[in-house]
Structure formats: C-alpha cells, structure tokens
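Just below is one structure, and these are the notes that go with it.
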Amino acid sequence: MKYALRQILAEELTYTMNRIKMDKNTKFEIKPQFSRTVRRVQENDKLWFLTLEVKVESTEESPKPFNVKARLVGIFEAEDVETDLDKQDLVINMTEVVYPYLRAAVSALTANSFINPLMLPVIPAGTMFPEDRGEAPQTENLN
C-alpha cells in the first residue's frame, strides 16, 4: 500500500466565548470530542478524504468558558488498498497525518482568541477511535 497527502483544508474553525459566572479559582474540565469520516470518490478509487473534527461544547451540566469546533479535511491519494486490513491501516495512517494539523489549528485558534491556548493531547496512532482497535473502517462513496 502506498499513499500520499495531497492537500489539507480547514472546513470549519470556530471559537465562541461563553459568558458564564465563575469563581476565581474555578477549574473547568475540558473534554474534547473527536469524530472522523472517511469518504471515497466513485470515479477515482485512488482518492480518499479524511475529515477529522474536534469539539469542545459548554452544556448546563458541564459549563465551559468557550466553545471550539475545528474540522479539517485531508485529501489523500492511495494505491494498492485491497483488503479490509489495508483500509484500516490507511485510515489509521491518514488520521496520524491529519491530527497534528488539527492540534495546531485548535492551539492557534484559542491563542488568537486571547485565552490560554488549548493544547489537545498527543494520541498514539491506532488508539484514537474504537474502530482503529479492531473493527473495519467505514467508508462512503461520493457521487
């Protein structure tokens, strides 16, 4: 299997400040929620799109001083992806390539919002999503 990153696009980068009352020593638990989508184009089976998204959202049960959403799309060209194991390896590898860009985008977005930058954790490849730990990746064809 061979693959190459062709492009990374920022589909959405949003920061919203939440005006919540808090004590001076209040600590917030920031739990980023990650999601991923993998798509292919029917007309070109070598072209793969990996969308990686992270959200931090305030709720009544778990208030946060801000909401953040970042969604990046990595466009890859891949050859010799023949088995389900090849597909799973490709998806893990594409995630490993795009994730550092997502981390950098979130850090820059929050730093440019004049707050302490949010640094997403370093996550080892193959452990970020449950399907990376055994289930075959889901792919969807684009028309």
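Here, A, B, ... name the chains of the structure tokens in the order displayed, residue numbers run from 1 inside each chain, and ligands are numbered from 1 in the same displayed order.
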Report the residues of chain A whose backbone DSSP state falls under helix (DSSP H, G or I), written as JSON, numbers by chain.
{"A": [84, 85, 86, 87, 88, 89, 90, 91, 92, 93, 94, 95, 96, 97, 98, 99, 100, 101, 102, 103, 104, 105, 106, 107, 108, 109, 110, 111, 130, 131, 132, 133]}
Preceding selection exported with N, CA and C atoms as a JSON list (two decimals), in the first residue's frame:
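Result file is result_4.json:
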```
[["chain", "number", "residue", "atom", "x", "y", "z"],
["A", 84, "ASP", "N", -9.51, -5.37, 3.72],
["A", 84, "ASP", "CA", -10.05, -4.58, 4.82],
["A", 84, "ASP", "C", -8.93, -4.14, 5.77],
["A", 85, "LEU", "N", -7.93, -4.99, 5.93],
["A", 85, "LEU", "CA", -6.79, -4.62, 6.78],
["A", 85, "LEU", "C", -6.01, -3.46, 6.16],
["A", 86, "ASP", "N", -5.85, -3.47, 4.83],
["A", 86, "ASP", "CA", -5.21, -2.34, 4.14],
["A", 86, "ASP", "C", -6.00, -1.06, 4.38],
["A", 87, "LYS", "N", -7.33, -1.14, 4.28],
["A", 87, "LYS", "CA", -8.18, 0.03, 4.50],
["A", 87, "LYS", "C", -8.03, 0.54, 5.93],
["A", 88, "GLN", "N", -8.04, -0.38, 6.88],
["A", 88, "GLN", "CA", -7.91, 0.01, 8.29],
["A", 88, "GLN", "C", -6.55, 0.68, 8.52],
["A", 89, "ASP", "N", -5.50, 0.11, 7.98],
["A", 89, "ASP", "CA", -4.16, 0.71, 8.11],
["A", 89, "ASP", "C", -4.11, 2.09, 7.47],
["A", 90, "LEU", "N", -4.72, 2.22, 6.30],
["A", 90, "LEU", "CA", -4.73, 3.51, 5.60],
["A", 90, "LEU", "C", -5.45, 4.57, 6.43],
["A", 91, "VAL", "N", -6.61, 4.23, 6.97],
["A", 91, "VAL", "CA", -7.38, 5.19, 7.77],
["A", 91, "VAL", "C", -6.59, 5.61, 9.01],
["A", 92, "ILE", "N", -5.96, 4.67, 9.68],
["A", 92, "ILE", "CA", -5.14, 5.00, 10.85],
["A", 92, "ILE", "C", -3.98, 5.91, 10.44],
["A", 93, "ASN", "N", -3.32, 5.59, 9.34],
["A", 93, "ASN", "CA", -2.20, 6.41, 8.86],
["A", 93, "ASN", "C", -2.65, 7.81, 8.46],
["A", 94, "MET", "N", -3.79, 7.91, 7.79],
["A", 94, "MET", "CA", -4.29, 9.23, 7.39],
["A", 94, "MET", "C", -4.64, 10.05, 8.64],
["A", 95, "THR", "N", -5.24, 9.41, 9.63],
["A", 95, "THR", "CA", -5.57, 10.09, 10.89],
["A", 95, "THR", "C", -4.30, 10.60, 11.56],
["A", 96, "GLU", "N", -3.27, 9.77, 11.56],
["A", 96, "GLU", "CA", -1.99, 10.15, 12.17],
["A", 96, "GLU", "C", -1.37, 11.35, 11.45],
["A", 97, "VAL", "N", -1.58, 11.47, 10.15],
["A", 97, "VAL", "CA", -1.05, 12.60, 9.38],
["A", 97, "VAL", "C", -1.84, 13.88, 9.66],
["A", 98, "VAL", "N", -3.17, 13.80, 9.71],
["A", 98, "VAL", "CA", -4.02, 14.99, 9.83],
["A", 98, "VAL", "C", -4.08, 15.50, 11.27],
["A", 99, "TYR", "N", -4.02, 14.62, 12.26],
["A", 99, "TYR", "CA", -4.22, 15.03, 13.65],
["A", 99, "TYR", "C", -3.27, 16.13, 14.13],
["A", 100, "PRO", "N", -1.98, 16.09, 13.83],
["A", 100, "PRO", "CA", -1.12, 17.21, 14.28],
["A", 100, "PRO", "C", -1.55, 18.57, 13.73],
["A", 101, "TYR", "N", -2.09, 18.59, 12.52],
["A", 101, "TYR", "CA", -2.61, 19.84, 11.96],
["A", 101, "TYR", "C", -3.85, 20.30, 12.73],
["A", 102, "LEU", "N", -4.68, 19.36, 13.14],
["A", 102, "LEU", "CA", -5.86, 19.68, 13.94],
["A", 102, "LEU", "C", -5.43, 20.25, 15.30],
["A", 103, "ARG", "N", -4.44, 19.63, 15.92],
["A", 103, "ARG", "CA", -3.91, 20.13, 17.20],
["A", 103, "ARG", "C", -3.39, 21.56, 17.04],
["A", 104, "ALA", "N", -2.63, 21.80, 15.99],
["A", 104, "ALA", "CA", -2.07, 23.14, 15.75],
["A", 104, "ALA", "C", -3.17, 24.16, 15.49],
["A", 105, "ALA", "N", -4.19, 23.77, 14.73],
["A", 105, "ALA", "CA", -5.29, 24.70, 14.43],
["A", 105, "ALA", "C", -6.04, 25.09, 15.70],
["A", 106, "VAL", "N", -6.31, 24.14, 16.58],
["A", 106, "VAL", "CA", -7.02, 24.44, 17.83],
["A", 106, "VAL", "C", -6.16, 25.32, 18.72],
["A", 107, "SER", "N", -4.89, 25.04, 18.82],
["A", 107, "SER", "CA", -3.99, 25.86, 19.64],
["A", 107, "SER", "C", -3.93, 27.29, 19.11],
["A", 108, "ALA", "N", -3.79, 27.44, 17.80],
["A", 108, "ALA", "CA", -3.72, 28.78, 17.21],
["A", 108, "ALA", "C", -5.05, 29.52, 17.35],
["A", 109, "LEU", "N", -6.15, 28.81, 17.14],
["A", 109, "LEU", "CA", -7.47, 29.42, 17.24],
["A", 109, "LEU", "C", -7.71, 29.96, 18.65],
["A", 110, "THR", "N", -7.40, 29.17, 19.65],
["A", 110, "THR", "CA", -7.62, 29.63, 21.02],
["A", 110, "THR", "C", -6.61, 30.70, 21.42],
["A", 111, "ALA", "N", -5.37, 30.57, 21.01],
["A", 111, "ALA", "CA", -4.37, 31.60, 21.33],
["A", 111, "ALA", "C", -4.74, 32.92, 20.68],
["A", 130, "PRO", "N", -12.47, 3.83, 18.45],
["A", 130, "PRO", "CA", -12.68, 2.40, 18.73],
["A", 130, "PRO", "C", -12.48, 1.50, 17.51],
["A", 131, "GLU", "N", -12.91, 1.98, 16.34],
["A", 131, "GLU", "CA", -12.78, 1.15, 15.14],
["A", 131, "GLU", "C", -11.33, 0.91, 14.75],
["A", 132, "ASP", "N", -10.41, 1.74, 15.26],
["A", 132, "ASP", "CA", -8.99, 1.54, 14.99],
["A", 132, "ASP", "C", -8.42, 0.38, 15.80],
["A", 133, "ARG", "N", -9.17, -0.03, 16.78],
["A", 133, "ARG", "CA", -8.69, -1.09, 17.67],
["A", 133, "ARG", "C", -9.31, -2.45, 17.33]]
```
Mind the document's chain letters and residue numbers, and return as a ChimeraX atom specification the residues of range 21-120 of chain A that DSSP labels strand (DSSP E or B).
/A:33-41,44-56,66-79
Once you have the residues from the selection above, write them out as a short mmCIF file (atom, residue, chain, number, x, y, z; two decimals), in the first residue's frame, restricted to N, CA and C atoms.
```cif
data_model
loop_
_atom_site.label_atom_id
_atom_site.label_comp_id
_atom_site.auth_asym_id
_atom_site.auth_seq_id
_atom_site.Cartn_x
_atom_site.Cartn_y
_atom_site.Cartn_z
N GLN A 33 -14.29 16.26 22.11
CA GLN A 33 -14.98 15.16 21.46
C GLN A 33 -14.50 15.08 20.01
N PHE A 34 -13.98 13.93 19.64
CA PHE A 34 -13.42 13.74 18.31
C PHE A 34 -14.38 12.93 17.44
N SER A 35 -14.39 13.25 16.15
CA SER A 35 -15.12 12.43 15.19
C SER A 35 -14.32 12.39 13.89
N ARG A 36 -14.60 11.35 13.11
CA ARG A 36 -13.87 11.16 11.86
C ARG A 36 -14.80 10.55 10.83
N THR A 37 -14.64 11.01 9.60
CA THR A 37 -15.38 10.46 8.47
C THR A 37 -14.37 10.17 7.36
N VAL A 38 -14.55 9.03 6.71
CA VAL A 38 -13.70 8.67 5.57
C VAL A 38 -14.61 8.48 4.37
N ARG A 39 -14.24 9.13 3.27
CA ARG A 39 -15.03 9.05 2.04
C ARG A 39 -14.11 8.76 0.85
N ARG A 40 -14.75 8.21 -0.19
CA ARG A 40 -14.04 7.97 -1.45
C ARG A 40 -14.91 8.46 -2.59
N VAL A 41 -14.27 8.77 -3.69
CA VAL A 41 -14.98 9.20 -4.89
C VAL A 41 -15.12 7.98 -5.80
N ASN A 44 -12.91 7.92 -8.94
CA ASN A 44 -11.45 7.80 -8.76
C ASN A 44 -11.20 7.06 -7.45
N ASP A 45 -11.02 5.74 -7.54
CA ASP A 45 -10.89 4.94 -6.33
C ASP A 45 -9.55 5.15 -5.61
N LYS A 46 -8.67 5.96 -6.18
CA LYS A 46 -7.40 6.26 -5.51
C LYS A 46 -7.52 7.46 -4.57
N LEU A 47 -8.60 8.22 -4.69
CA LEU A 47 -8.77 9.45 -3.92
C LEU A 47 -9.55 9.18 -2.64
N TRP A 48 -8.97 9.56 -1.50
CA TRP A 48 -9.56 9.36 -0.18
C TRP A 48 -9.65 10.71 0.52
N PHE A 49 -10.76 10.93 1.22
CA PHE A 49 -10.97 12.14 2.01
C PHE A 49 -11.16 11.74 3.47
N LEU A 50 -10.34 12.27 4.34
CA LEU A 50 -10.48 12.02 5.76
C LEU A 50 -10.85 13.33 6.45
N THR A 51 -12.02 13.36 7.07
CA THR A 51 -12.47 14.54 7.81
C THR A 51 -12.28 14.24 9.29
N LEU A 52 -11.53 15.10 9.95
CA LEU A 52 -11.25 14.95 11.38
C LEU A 52 -11.77 16.19 12.07
N GLU A 53 -12.59 15.97 13.11
CA GLU A 53 -13.23 17.08 13.80
C GLU A 53 -13.06 16.95 15.30
N VAL A 54 -12.92 18.09 15.96
CA VAL A 54 -12.91 18.12 17.42
C VAL A 54 -13.85 19.23 17.87
N LYS A 55 -14.58 18.95 18.96
CA LYS A 55 -15.50 19.94 19.52
C LYS A 55 -15.30 20.00 21.03
N VAL A 56 -15.39 21.20 21.56
CA VAL A 56 -15.49 21.42 23.00
C VAL A 56 -16.73 22.29 23.15
N PHE A 66 -15.76 28.56 26.93
CA PHE A 66 -15.78 28.75 25.47
C PHE A 66 -16.25 27.49 24.79
N ASN A 67 -16.67 27.65 23.54
CA ASN A 67 -16.93 26.53 22.63
C ASN A 67 -15.91 26.62 21.51
N VAL A 68 -15.41 25.47 21.10
CA VAL A 68 -14.46 25.40 19.98
C VAL A 68 -14.89 24.26 19.08
N LYS A 69 -14.80 24.52 17.79
CA LYS A 69 -15.04 23.45 16.80
C LYS A 69 -14.02 23.64 15.69
N ALA A 70 -13.32 22.56 15.38
CA ALA A 70 -12.35 22.59 14.28
C ALA A 70 -12.56 21.33 13.45
N ARG A 71 -12.69 21.52 12.14
CA ARG A 71 -12.87 20.39 11.23
C ARG A 71 -11.91 20.57 10.05
N LEU A 72 -11.01 19.61 9.91
CA LEU A 72 -10.05 19.61 8.81
C LEU A 72 -10.32 18.42 7.89
N VAL A 73 -10.01 18.61 6.62
CA VAL A 73 -10.15 17.52 5.65
C VAL A 73 -8.79 17.28 5.02
N GLY A 74 -8.34 16.06 5.10
CA GLY A 74 -7.12 15.64 4.43
C GLY A 74 -7.49 14.90 3.16
N ILE A 75 -6.88 15.29 2.06
CA ILE A 75 -7.13 14.63 0.78
C ILE A 75 -5.89 13.80 0.44
N PHE A 76 -6.11 12.53 0.26
CA PHE A 76 -5.01 11.58 0.04
C PHE A 76 -5.21 10.84 -1.27
N GLU A 77 -4.08 10.42 -1.82
CA GLU A 77 -4.10 9.52 -2.97
C GLU A 77 -3.46 8.23 -2.49
N ALA A 78 -4.16 7.11 -2.70
CA ALA A 78 -3.66 5.83 -2.21
C ALA A 78 -3.78 4.77 -3.29
N GLU A 79 -2.79 3.87 -3.30
CA GLU A 79 -2.78 2.76 -4.25
C GLU A 79 -2.60 1.46 -3.49
#
```
CA of Leu13 in chain A sits from CA of Ser62 in chain A at a separation of 22.0 Å
Arg19 in chain A environment, 9 Å, only C-alpha atoms, sequence neighbours closer than 2 positions dropped, as a list of chain:residue names:
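What passes the distance filter is A:Met17, A:Lys21, A:Pro65, A:Phe66.
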Pick from A:Thr59, A:Ser113, A:Gln42, A:Thr16 nearest to Phe28 in chain A, counting only C-alpha atoms
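Looking at the shortest contact to Phe28 in chain A, the residue is A:Thr59.
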